[in-house]
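Dropping final04.tsv in here (TSV, C-alpha atoms and all ligand atoms):
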chain	number	residue	atom	x	y	z
P	1	MET	CA	-13.65	22.88	-5.44
P	2	PRO	CA	-12.06	20.94	-8.30
P	3	THR	CA	-14.30	19.33	-10.87
P	4	THR	CA	-15.36	15.88	-9.72
P	5	LEU	CA	-18.52	13.90	-10.29
P	6	ILE	CA	-17.99	12.06	-6.98
P	7	THR	CA	-20.02	13.35	-4.05
P	8	SER	CA	-19.41	12.72	-0.36
P	9	GLU	CA	-22.18	11.92	2.11
P	10	ILE	CA	-20.15	13.56	4.88
P	11	GLY	CA	-18.20	16.79	5.15
P	12	ILE	CA	-14.54	16.50	6.10
P	13	GLU	CA	-14.30	19.71	8.13
P	14	ALA	CA	-16.61	19.07	11.11
P	15	GLU	CA	-15.50	17.83	14.55
P	16	GLY	CA	-16.32	14.34	15.86
P	17	LYS	CA	-16.58	11.00	14.07
P	18	ARG	CA	-18.68	10.66	10.96
P	19	SER	CA	-18.97	7.86	8.47
P	20	GLY	CA	-20.64	7.63	5.07
P	21	TYR	CA	-19.95	6.92	1.43
P	22	LEU	CA	-18.24	8.60	-1.43
P	23	ARG	CA	-20.70	8.11	-4.27
P	24	VAL	CA	-19.02	7.30	-7.57
P	25	PRO	CA	-21.72	7.63	-10.24
P	26	HIS	CA	-21.96	4.44	-12.28
P	27	SER	CA	-25.01	3.91	-14.47
P	28	THR	CA	-25.48	0.22	-15.27
P	29	HIS	CA	-28.05	-2.22	-16.65
P	30	ARG	CA	-29.25	-3.14	-13.17
P	31	SER	CA	-29.00	0.34	-11.62
P	32	ALA	CA	-29.53	3.22	-14.04
P	33	TYR	CA	-29.13	5.97	-11.41
P	34	GLY	CA	-26.75	3.98	-9.22
P	35	TRP	CA	-23.43	4.79	-7.60
P	36	VAL	CA	-20.49	2.77	-6.35
P	37	PRO	CA	-20.19	3.15	-2.55
P	38	ILE	CA	-16.69	3.93	-1.19
P	39	PRO	CA	-16.73	3.85	2.65
P	40	LEU	CA	-15.25	6.98	4.24
P	41	THR	CA	-14.84	7.94	7.90
P	42	VAL	CA	-13.50	11.24	9.23
P	43	ILE	CA	-12.44	11.52	12.86
P	44	ARG	CA	-11.44	14.94	14.12
P	45	GLY	CA	-10.56	16.09	17.60
P	46	GLY	CA	-9.01	19.52	17.98
P	47	ASP	CA	-5.98	21.03	16.31
P	48	GLY	CA	-3.32	18.90	14.67
P	49	PRO	CA	-2.26	17.44	11.34
P	50	THR	CA	-4.45	15.56	8.87
P	51	VAL	CA	-3.51	11.97	8.00
P	52	LEU	CA	-5.14	10.32	4.99
P	53	MET	CA	-5.21	6.53	5.47
P	54	LEU	CA	-5.91	4.22	2.53
P	55	ALA	CA	-6.37	0.47	2.18
P	56	GLY	CA	-8.05	-1.61	-0.50
P	57	VAL	CA	-6.34	0.35	-3.28
P	58	HIS	CA	-5.83	-3.22	-4.46
P	59	GLY	CA	-8.85	-5.29	-3.51
P	60	ASP	CA	-7.04	-8.57	-2.69
P	61	GLU	CA	-4.87	-7.06	0.07
P	62	TYR	CA	-6.50	-7.57	3.44
P	63	GLU	CA	-4.49	-6.62	6.54
P	64	GLY	CA	-4.81	-2.88	5.87
P	65	GLN	CA	-8.55	-3.15	5.24
P	66	ILE	CA	-9.06	-4.92	8.57
P	67	ALA	CA	-6.66	-2.67	10.53
P	68	LEU	CA	-8.30	0.53	9.25
P	69	GLY	CA	-11.73	-0.84	10.16
P	70	LYS	CA	-10.53	-1.54	13.70
P	71	LEU	CA	-8.94	1.91	13.97
P	72	THR	CA	-12.15	3.53	12.70
P	73	ARG	CA	-14.19	1.86	15.43
P	74	ASP	CA	-11.63	2.31	18.24
P	75	LEU	CA	-10.52	5.92	17.76
P	76	ALA	CA	-12.54	8.46	19.72
P	77	PRO	CA	-12.41	12.14	18.69
P	78	ASP	CA	-11.54	13.07	22.28
P	79	ASP	CA	-8.36	10.94	22.06
P	80	LEU	CA	-7.21	12.70	18.90
P	81	ARG	CA	-5.34	15.93	18.15
P	82	GLY	CA	-5.99	16.54	14.47
P	83	ARG	CA	-7.88	14.61	11.86
P	84	VAL	CA	-7.76	11.19	10.23
P	85	ILE	CA	-9.53	10.53	6.93
P	86	ILE	CA	-9.93	6.76	6.59
P	87	LEU	CA	-10.86	4.88	3.39
P	88	PRO	CA	-10.46	1.14	4.15
P	89	MET	CA	-11.56	-0.23	0.74
P	90	LEU	CA	-10.75	2.55	-1.68
P	91	ASN	CA	-11.25	0.62	-4.90
P	92	ALA	CA	-14.46	-0.86	-3.51
P	93	PRO	CA	-15.48	-2.85	-6.63
P	94	ALA	CA	-12.06	-4.57	-6.60
P	95	ALA	CA	-12.27	-5.19	-2.83
P	96	LYS	CA	-15.78	-6.60	-3.15
P	97	ALA	CA	-14.54	-8.97	-5.87
P	98	ARG	CA	-11.35	-9.70	-3.84
P	99	MET	CA	-9.29	-8.79	-6.90
P	100	ARG	CA	-6.28	-6.54	-7.47
P	101	THR	CA	-8.09	-4.69	-10.25
P	102	SER	CA	-11.66	-3.47	-10.56
P	103	PRO	CA	-14.01	-5.89	-12.36
P	104	ILE	CA	-16.10	-2.96	-13.65
P	105	ASP	CA	-13.34	-1.24	-15.64
P	106	ASP	CA	-10.25	-3.47	-15.19
P	107	GLY	CA	-8.63	-0.48	-13.45
P	108	ASN	CA	-5.50	-0.90	-11.30
P	109	LEU	CA	-6.01	2.07	-8.96
P	110	ASN	CA	-2.31	2.34	-8.05
P	111	ARG	CA	-1.39	2.72	-11.74
P	112	VAL	CA	-3.88	5.40	-12.86
P	113	PHE	CA	-3.02	8.51	-10.82
P	114	PRO	CA	-3.57	11.44	-11.40
P	115	GLY	CA	-6.81	9.87	-12.64
P	116	ASP	CA	-9.56	11.53	-14.63
P	117	ALA	CA	-12.62	13.36	-13.26
P	118	ALA	CA	-14.66	12.18	-16.26
P	119	GLY	CA	-13.03	8.76	-16.66
P	120	THR	CA	-13.89	5.24	-15.55
P	121	PRO	CA	-14.82	4.64	-11.87
P	122	THR	CA	-11.21	3.70	-11.01
P	123	GLN	CA	-9.89	6.85	-12.74
P	124	MET	CA	-12.53	9.00	-10.98
P	125	ILE	CA	-11.47	7.60	-7.57
P	126	ALA	CA	-7.79	8.39	-8.27
P	127	HIS	CA	-8.69	11.92	-9.34
P	128	TYR	CA	-10.75	12.45	-6.17
P	129	ILE	CA	-7.85	11.35	-3.96
P	130	GLU	CA	-5.32	13.52	-5.82
P	131	GLU	CA	-7.42	16.66	-6.27
P	132	VAL	CA	-9.87	16.66	-3.34
P	133	LEU	CA	-8.50	14.70	-0.36
P	134	LEU	CA	-4.70	15.03	-0.68
P	135	PRO	CA	-4.78	18.85	-0.84
P	136	THR	CA	-6.44	18.81	2.63
P	137	SER	CA	-3.87	16.33	4.07
P	138	ASP	CA	-0.38	16.51	5.61
P	139	TYR	CA	0.48	12.78	5.53
P	140	LEU	CA	-0.57	9.77	3.45
P	141	ILE	CA	-0.42	6.20	4.75
P	142	ASP	CA	-1.26	3.73	1.97
P	143	LEU	CA	-1.53	0.12	3.17
P	144	HIS	CA	-0.87	-2.74	0.74
P	145	THR	CA	0.23	-6.38	0.71
P	146	GLY	CA	1.76	-8.48	-2.05
P	147	GLY	CA	-1.80	-9.27	-3.14
P	148	THR	CA	-2.72	-12.71	-4.40
P	149	SER	CA	0.47	-13.29	-6.40
P	150	LEU	CA	3.24	-11.99	-4.09
P	151	TYR	CA	4.28	-12.15	-0.44
P	152	TYR	CA	6.19	-9.41	1.42
P	153	PRO	CA	7.30	-9.51	5.03
P	154	PRO	CA	5.97	-6.38	6.81
P	155	THR	CA	7.83	-3.63	4.94
P	156	LEU	CA	7.57	0.16	4.96
P	157	LEU	CA	8.07	1.85	1.57
P	158	ARG	CA	9.26	5.43	1.44
P	159	GLY	CA	11.30	7.94	-0.52
P	160	GLN	CA	14.44	9.60	0.74
P	161	GLY	CA	12.65	12.97	0.95
P	162	HIS	CA	13.22	15.78	-1.51
P	163	THR	CA	14.11	18.25	1.26
P	164	PRO	CA	16.00	17.68	4.54
P	165	GLU	CA	12.75	18.48	6.39
P	166	GLU	CA	10.83	15.81	4.47
P	167	ALA	CA	13.68	13.30	4.90
P	168	ASN	CA	13.38	13.86	8.63
P	169	LYS	CA	9.59	13.39	8.61
P	170	LEU	CA	9.97	10.15	6.65
P	171	ARG	CA	12.48	8.79	9.15
P	172	VAL	CA	10.08	9.66	11.99
P	173	LEU	CA	7.29	7.73	10.22
P	174	GLN	CA	9.59	4.76	9.60
P	175	GLU	CA	10.73	4.61	13.21
P	176	ALA	CA	7.15	4.97	14.43
P	177	PHE	CA	5.71	2.25	12.17
P	178	ASP	CA	8.62	0.04	13.33
P	179	LEU	CA	8.13	-2.69	10.73
P	180	PRO	CA	10.89	-5.33	10.33
P	181	TYR	CA	11.92	-3.98	6.89
P	182	ALA	CA	11.95	-0.66	5.04
P	183	TRP	CA	12.39	-0.36	1.27
P	184	VAL	CA	13.75	3.11	0.59
P	185	PHE	CA	13.44	4.41	-2.99
P	186	THR	CA	16.57	5.98	-4.45
P	187	SER	CA	14.77	8.07	-7.08
P	188	GLY	CA	11.46	9.81	-7.67
P	189	GLY	CA	9.49	11.85	-5.16
P	190	GLY	CA	9.04	15.60	-4.96
P	191	PRO	CA	6.52	17.85	-6.70
P	192	THR	CA	7.63	16.86	-10.21
P	193	SER	CA	6.89	13.15	-9.66
P	194	THR	CA	5.26	11.48	-12.65
P	195	ALA	CA	4.46	8.28	-10.72
P	196	ARG	CA	0.99	6.88	-11.34
P	197	THR	CA	0.69	5.73	-7.72
P	198	ALA	CA	-1.01	7.27	-4.67
P	199	MET	CA	2.50	8.03	-3.35
P	200	GLY	CA	3.25	9.92	-6.56
P	201	ALA	CA	0.00	11.87	-6.14
P	202	ALA	CA	0.96	12.74	-2.56
P	203	ASN	CA	4.40	13.93	-3.67
P	204	ARG	CA	2.80	16.18	-6.31
P	205	LYS	CA	0.56	17.74	-3.64
P	206	GLY	CA	3.31	18.30	-1.05
P	207	VAL	CA	1.92	15.57	1.23
P	208	THR	CA	4.46	13.33	3.03
P	209	PRO	CA	3.68	9.73	1.97
P	210	VAL	CA	4.55	6.27	3.17
P	211	MET	CA	3.27	2.96	1.91
P	212	ALA	CA	3.48	-0.48	3.48
P	213	GLU	CA	3.56	-4.02	2.10
P	214	LEU	CA	2.03	-6.20	4.80
P	215	GLY	CA	2.11	-9.89	3.87
P	216	GLY	CA	0.13	-11.18	0.91
P	217	GLY	CA	-0.77	-14.34	-0.93
P	218	GLY	CA	-4.45	-13.59	-0.38
P	219	THR	CA	-4.18	-14.48	3.31
P	220	VAL	CA	-4.55	-12.60	6.61
P	221	SER	CA	-1.70	-13.07	9.09
P	222	LYS	CA	-2.36	-12.59	12.81
P	223	ASP	CA	1.19	-11.32	13.43
P	224	VAL	CA	1.25	-8.97	10.45
P	225	LEU	CA	-2.15	-7.56	11.38
P	226	ALA	CA	-0.92	-6.93	14.94
P	227	LEU	CA	2.17	-5.09	13.61
P	228	THR	CA	-0.09	-3.01	11.34
P	229	GLU	CA	-2.47	-1.99	14.13
P	230	ARG	CA	0.45	-1.18	16.46
P	231	GLY	CA	2.22	0.81	13.74
P	232	LEU	CA	-0.78	2.98	12.92
P	233	ARG	CA	-1.20	4.00	16.56
P	234	ARG	CA	2.54	4.57	16.98
P	235	ILE	CA	2.51	6.87	13.94
P	236	LEU	CA	-0.40	8.91	15.28
P	237	HIS	CA	1.40	9.14	18.62
P	238	ALA	CA	4.70	10.20	16.96
P	239	LEU	CA	2.85	12.97	15.11
P	240	GLY	CA	1.45	14.27	18.41
P	241	MET	CA	-2.07	13.15	17.48
P	242	LEU	CA	-2.58	10.39	20.10
P	243	PRO	CA	-1.04	11.89	23.27
P	244	GLY	CA	-2.62	9.28	25.56
P	245	TYR	CA	-1.10	6.27	23.75
P	246	GLN	CA	1.89	4.55	25.37
P	247	PRO	CA	4.14	3.07	22.66
P	248	ASP	CA	6.15	-0.01	23.59
P	249	PRO	CA	9.91	-0.05	22.81
P	250	ALA	CA	10.89	0.00	19.13
P	251	ARG	CA	12.09	-3.34	17.68
P	252	GLY	CA	14.09	-1.87	14.80
P	253	THR	CA	13.92	-1.83	11.02
P	254	ARG	CA	16.31	-3.32	8.43
P	255	VAL	CA	16.64	-0.62	5.76
P	256	LEU	CA	16.99	-1.82	2.15
P	257	HIS	CA	17.30	-0.55	-1.39
P	258	ALA	CA	15.72	-2.67	-4.14
P	259	GLU	CA	18.14	-4.25	-6.61
P	260	GLY	CA	15.59	-5.73	-8.98
P	261	LEU	CA	13.19	-8.53	-9.77
P	262	VAL	CA	13.90	-12.11	-10.83
P	263	TYR	CA	11.57	-13.38	-13.54
P	264	ALA	CA	10.44	-16.75	-14.85
P	265	TYR	CA	10.87	-17.39	-18.59
P	266	ASP	CA	9.13	-20.77	-18.68
P	267	ALA	CA	5.61	-21.93	-17.86
P	268	GLY	CA	5.18	-24.51	-15.15
P	269	LEU	CA	5.44	-24.96	-11.41
P	270	PHE	CA	8.06	-22.94	-9.56
P	271	GLU	CA	10.16	-24.65	-6.89
P	272	PRO	CA	11.87	-21.92	-4.84
P	273	TYR	CA	15.36	-22.51	-3.44
P	274	LYS	CA	15.15	-19.33	-1.36
P	275	ASP	CA	12.84	-17.74	1.16
P	276	ILE	CA	12.35	-14.23	2.60
P	277	ALA	CA	15.63	-12.72	3.91
P	278	ASP	CA	17.83	-15.46	2.38
P	279	THR	CA	21.10	-14.30	0.82
P	280	VAL	CA	21.43	-14.49	-2.97
P	281	THR	CA	24.54	-14.00	-5.14
P	282	THR	CA	24.58	-12.96	-8.78
P	283	GLY	CA	24.18	-15.94	-11.10
P	284	GLU	CA	23.06	-18.27	-8.33
P	285	PRO	CA	20.04	-20.49	-9.10
P	286	VAL	CA	17.14	-19.28	-6.93
P	287	GLY	CA	14.72	-21.98	-8.06
P	288	VAL	CA	13.58	-24.15	-10.95
P	289	VAL	CA	10.48	-24.38	-13.12
P	290	HIS	CA	9.03	-27.90	-13.33
P	291	MET	CA	6.89	-29.10	-16.25
P	292	PRO	CA	4.88	-32.01	-14.87
P	293	ASN	CA	3.19	-32.45	-18.26
P	294	LEU	CA	6.63	-33.51	-19.63
P	295	PRO	CA	7.88	-35.95	-16.98
P	296	LEU	CA	11.24	-36.64	-18.66
P	297	ARG	CA	12.12	-32.97	-19.14
P	298	GLU	CA	14.58	-31.58	-16.60
P	299	PRO	CA	13.31	-28.54	-14.67
P	300	VAL	CA	14.62	-25.18	-15.91
P	301	PRO	CA	16.77	-23.24	-13.42
P	302	ILE	CA	16.25	-19.52	-12.82
P	303	ALA	CA	19.42	-17.57	-11.93
P	304	SER	CA	19.38	-14.29	-10.02
P	305	PRO	CA	20.79	-11.31	-11.93
P	306	TYR	CA	21.39	-9.62	-8.56
P	307	SER	CA	23.15	-10.09	-5.24
P	308	GLY	CA	21.42	-9.25	-1.97
P	309	ILE	CA	18.61	-10.70	0.12
P	310	VAL	CA	15.13	-11.86	-0.82
P	311	LEU	CA	12.63	-9.10	0.06
P	312	CYS	CA	9.58	-10.49	-1.73
P	313	LYS	CA	8.59	-13.85	-3.22
P	314	ARG	CA	5.91	-15.18	-5.52
P	315	ALA	CA	3.04	-16.62	-3.48
P	316	LEU	CA	1.57	-18.75	-6.27
P	317	GLY	CA	3.22	-21.95	-7.45
P	318	GLN	CA	2.23	-21.65	-11.09
P	319	VAL	CA	4.41	-19.41	-13.28
P	320	GLU	CA	4.52	-18.19	-16.87
P	321	CYS	CA	7.09	-16.22	-18.83
P	322	GLY	CA	7.11	-12.71	-17.37
P	323	ASP	CA	6.07	-13.57	-13.79
P	324	ALA	CA	8.27	-12.15	-11.01
P	325	VAL	CA	9.38	-14.92	-8.61
P	326	PHE	CA	11.63	-12.88	-6.27
P	327	GLN	CA	12.57	-9.30	-5.50
P	328	ILE	CA	16.18	-8.84	-4.42
P	329	ALA	CA	17.26	-5.98	-2.15
P	330	ARG	CA	20.46	-4.95	-0.39
P	331	ASP	CA	21.19	-3.40	2.98
P	332	THR	CA	21.79	0.34	2.97
P	333	GLY	CA	23.85	0.24	6.14
P	334	GLU	CA	21.32	2.59	7.79
P	335	ALA	CA	20.24	1.66	11.27
P	401	ZN	ZN	-1.14	-3.27	-3.51
Spit out the file's structure as structure tokens when you get a sec.
Ligand SMILES: [Zn+2]
Amino acid sequence: MPTTLITSEIGIEAEGKRSGYLRVPHSTHRSAYGWVPIPLTVIRGGDGPTVLMLAGVHGDEYEGQIALGKLTRDLAPDDLRGRVIILPMLNAPAAKARMRTSPIDDGNLNRVFPGDAAGTPTQMIAHYIEEVLLPTSDYLIDLHTGGTSLYYPPTLLRGQGHTPEEANKLRVLQEAFDLPYAWVFTSGGGPTSTARTAMGAANRKGVTPVMAELGGGGTVSKDVLALTERGLRRILHALGMLPGYQPDPARGTRVLHAEGLVYAYDAGLFEPYKDIADTVTTGEPVGVVHMPNLPLREPVPIASPYSGIVLCKRALGQVECGDAVFQIARDTGEA
């Protein structure tokens, strides 16, 4: 057992469905012997792979948190071949505060892997995932949204696979999740990954990872939530873990590579000229920044350094220098 100060109220090896907390020790003014509760459920029914499912890595991203709660309640061990380990609000202090980062240590959980067993609560959580839970897992599904500041259409994120076998597994997961878009990374992955994300941690541990961006802007979308719930069951079915589930026909995925981000350089209110999936050409104005405090000043245009389509947009109207307003991607030509 690797060194960790986090303890689990439930074992992860037994059969059946059990739920409890990971206890992250956190001694504070109001609770000297207290711990931060991270909800954890393990559902196991017979032989099969282990899938680690995460949401609430960023606390202001909601569809995944809701979908994993529903899956936790709906899945019966008898329906399952294998094991799911479900953590629906992994950075619980951030989720409780409905913030991207944790208010108790300012930690961005998806930027601190491999974490630190003796670090801040956010670092301890990352370390526990990388050193305790991932080594017992075959697949990672990490559910995100654009958070408060960004909006993504339902999009699967994956690597290309560092072996032909892994590339095949990743395509199976993409086809099973069946989201409208997939953003395929052209670099990184494999056991030498230095990424500070949960996907990087999974790659280091030989676990096949996918991530999803499922809406954003601090909202919950009925349609996106439905796609998320459907996708999770379709993945379990595709892995042979939900033999009784009847998947409906696949709708297809537009596969993209990211070109880059378009940034604001001025503070003000951003008027977008583009929306999700709109075509953009290099040098084209994609919006303007208005300065309503200076009524006679003309708004400042923002030109795209890239050609492609809009994959992601800023969800907040207010911008400052350094804020991303769009992400541009291009079709890979893959079906
Ligand atoms: Zn996120």
Can you write out as CSV which residues of chain P fall within 12 Å of ligand ZN 401 (chain P), alongside each residue's closest atom pair and its distance in Å to one decimal, counting only C-alpha atoms and all ligand atoms and ordering rows by chain and ascending residue number?
residue,atom,partner,partner_atom,distance
P:Leu54,CA,P:ZN401,ZN,10.7
P:Ala55,CA,P:ZN401,ZN,8.6
P:Gly56,CA,P:ZN401,ZN,7.7
P:Val57,CA,P:ZN401,ZN,6.3
P:His58,CA,P:ZN401,ZN,4.8
P:Gly59,CA,P:ZN401,ZN,8.0
P:Asp60,CA,P:ZN401,ZN,8.0
P:Glu61,CA,P:ZN401,ZN,6.4
P:Tyr62,CA,P:ZN401,ZN,9.8
P:Glu63,CA,P:ZN401,ZN,11.1
P:Gly64,CA,P:ZN401,ZN,10.1
P:Gln65,CA,P:ZN401,ZN,11.5
P:Met89,CA,P:ZN401,ZN,11.7
P:Leu90,CA,P:ZN401,ZN,11.4
P:Asn91,CA,P:ZN401,ZN,10.9
P:Ala94,CA,P:ZN401,ZN,11.4
P:Ala95,CA,P:ZN401,ZN,11.3
P:Met99,CA,P:ZN401,ZN,10.4
P:Arg100,CA,P:ZN401,ZN,7.3
P:Thr101,CA,P:ZN401,ZN,9.8
P:Asn108,CA,P:ZN401,ZN,9.2
P:Leu109,CA,P:ZN401,ZN,9.1
P:Asn110,CA,P:ZN401,ZN,7.3
P:Arg111,CA,P:ZN401,ZN,10.2
P:Asp142,CA,P:ZN401,ZN,8.9
P:Leu143,CA,P:ZN401,ZN,7.5
P:His144,CA,P:ZN401,ZN,4.3
P:Thr145,CA,P:ZN401,ZN,5.4
P:Gly146,CA,P:ZN401,ZN,6.1
P:Gly147,CA,P:ZN401,ZN,6.0
P:Thr148,CA,P:ZN401,ZN,9.6
P:Ser149,CA,P:ZN401,ZN,10.6
P:Leu150,CA,P:ZN401,ZN,9.8
P:Tyr151,CA,P:ZN401,ZN,10.8
P:Tyr152,CA,P:ZN401,ZN,10.8
P:Leu157,CA,P:ZN401,ZN,11.7
P:Thr197,CA,P:ZN401,ZN,10.1
P:Ala198,CA,P:ZN401,ZN,10.6
P:Met199,CA,P:ZN401,ZN,11.9
P:Met211,CA,P:ZN401,ZN,9.4
P:Ala212,CA,P:ZN401,ZN,8.8
P:Glu213,CA,P:ZN401,ZN,7.4
P:Leu214,CA,P:ZN401,ZN,9.4
P:Gly215,CA,P:ZN401,ZN,10.4
P:Gly216,CA,P:ZN401,ZN,9.1
P:Gly217,CA,P:ZN401,ZN,11.4
P:Gly218,CA,P:ZN401,ZN,11.3
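With distances restricted to only C-alpha atoms, P:Val210 is the closest residue to Lys169 in chain P from P:Leu296, P:Val210, P:Pro249, P:Ala126.
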Q | Closest of P:Leu80, P:Ile85, P:Ala277, P:Val319 to Leu68 in chain P - atom-to-atom distances counting only C-alpha atoms | A |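 Looking at the shortest contact to Leu68 in chain P, the residue is P:Ile85.
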Q) Got a sec: who's within 10 Å of range 255-268 of chain P, counting all atoms listed in the file, leaving out chain neighbours fewer than 4 positions off, as a ChimeraX atom specification? A) /P:155-157,174,180-186,286-293,299-314,317-335
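Each of P:Thr192, P:Ser137, P:Thr3, P:Thr282 was compared to Pro49 in chain P using all atoms listed in the file, and P:Ser137 turns out to be the nearest.
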Q | Two-atom distance - CA of Pro164 in chain P, CA of Pro135 in chain P (Å) | A |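 According to the coordinates, CA of Pro164 in chain P and CA of Pro135 in chain P are separated by 21.5 Å.
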Q.
Give me the residues near Asp138 in chain P as JSON, numbers by chain, where near means some atom within 10 Å (using all atoms listed in the file) and where sequence neighbours in that chain fewer than 2 positions away do not count.
A. {"P": [48, 49, 50, 51, 52, 83, 134, 135, 136, 140, 202, 205, 206, 207, 208, 209]}
Write out as a short mmCIF file (atom, residue, chain, number, x, y, z; two decimals) with C-alpha atoms, keeping the file's coordinate frame which residues come within 9 Å of Thr41 in chain P when counting only C-alpha atoms, dropping same-chain ones fewer than 4 positions away.
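File around.cif, as written:
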data_model
loop_
_atom_site.label_atom_id
_atom_site.label_comp_id
_atom_site.auth_asym_id
_atom_site.auth_seq_id
_atom_site.Cartn_x
_atom_site.Cartn_y
_atom_site.Cartn_z
CA ILE P 10 -20.15 13.56 4.88
CA ILE P 12 -14.54 16.50 6.10
CA LYS P 17 -16.58 11.00 14.07
CA ARG P 18 -18.68 10.66 10.96
CA SER P 19 -18.97 7.86 8.47
CA GLY P 20 -20.64 7.63 5.07
CA TYR P 21 -19.95 6.92 1.43
CA THR P 72 -12.15 3.53 12.70
CA VAL P 84 -7.76 11.19 10.23
CA ILE P 85 -9.53 10.53 6.93
CA ILE P 86 -9.93 6.76 6.59
CA LEU P 87 -10.86 4.88 3.39
CA PRO P 88 -10.46 1.14 4.15
#
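Between CA of Ile43 in chain P and CA of Glu15 in chain P the interatomic distance comes to 7.2 Å.
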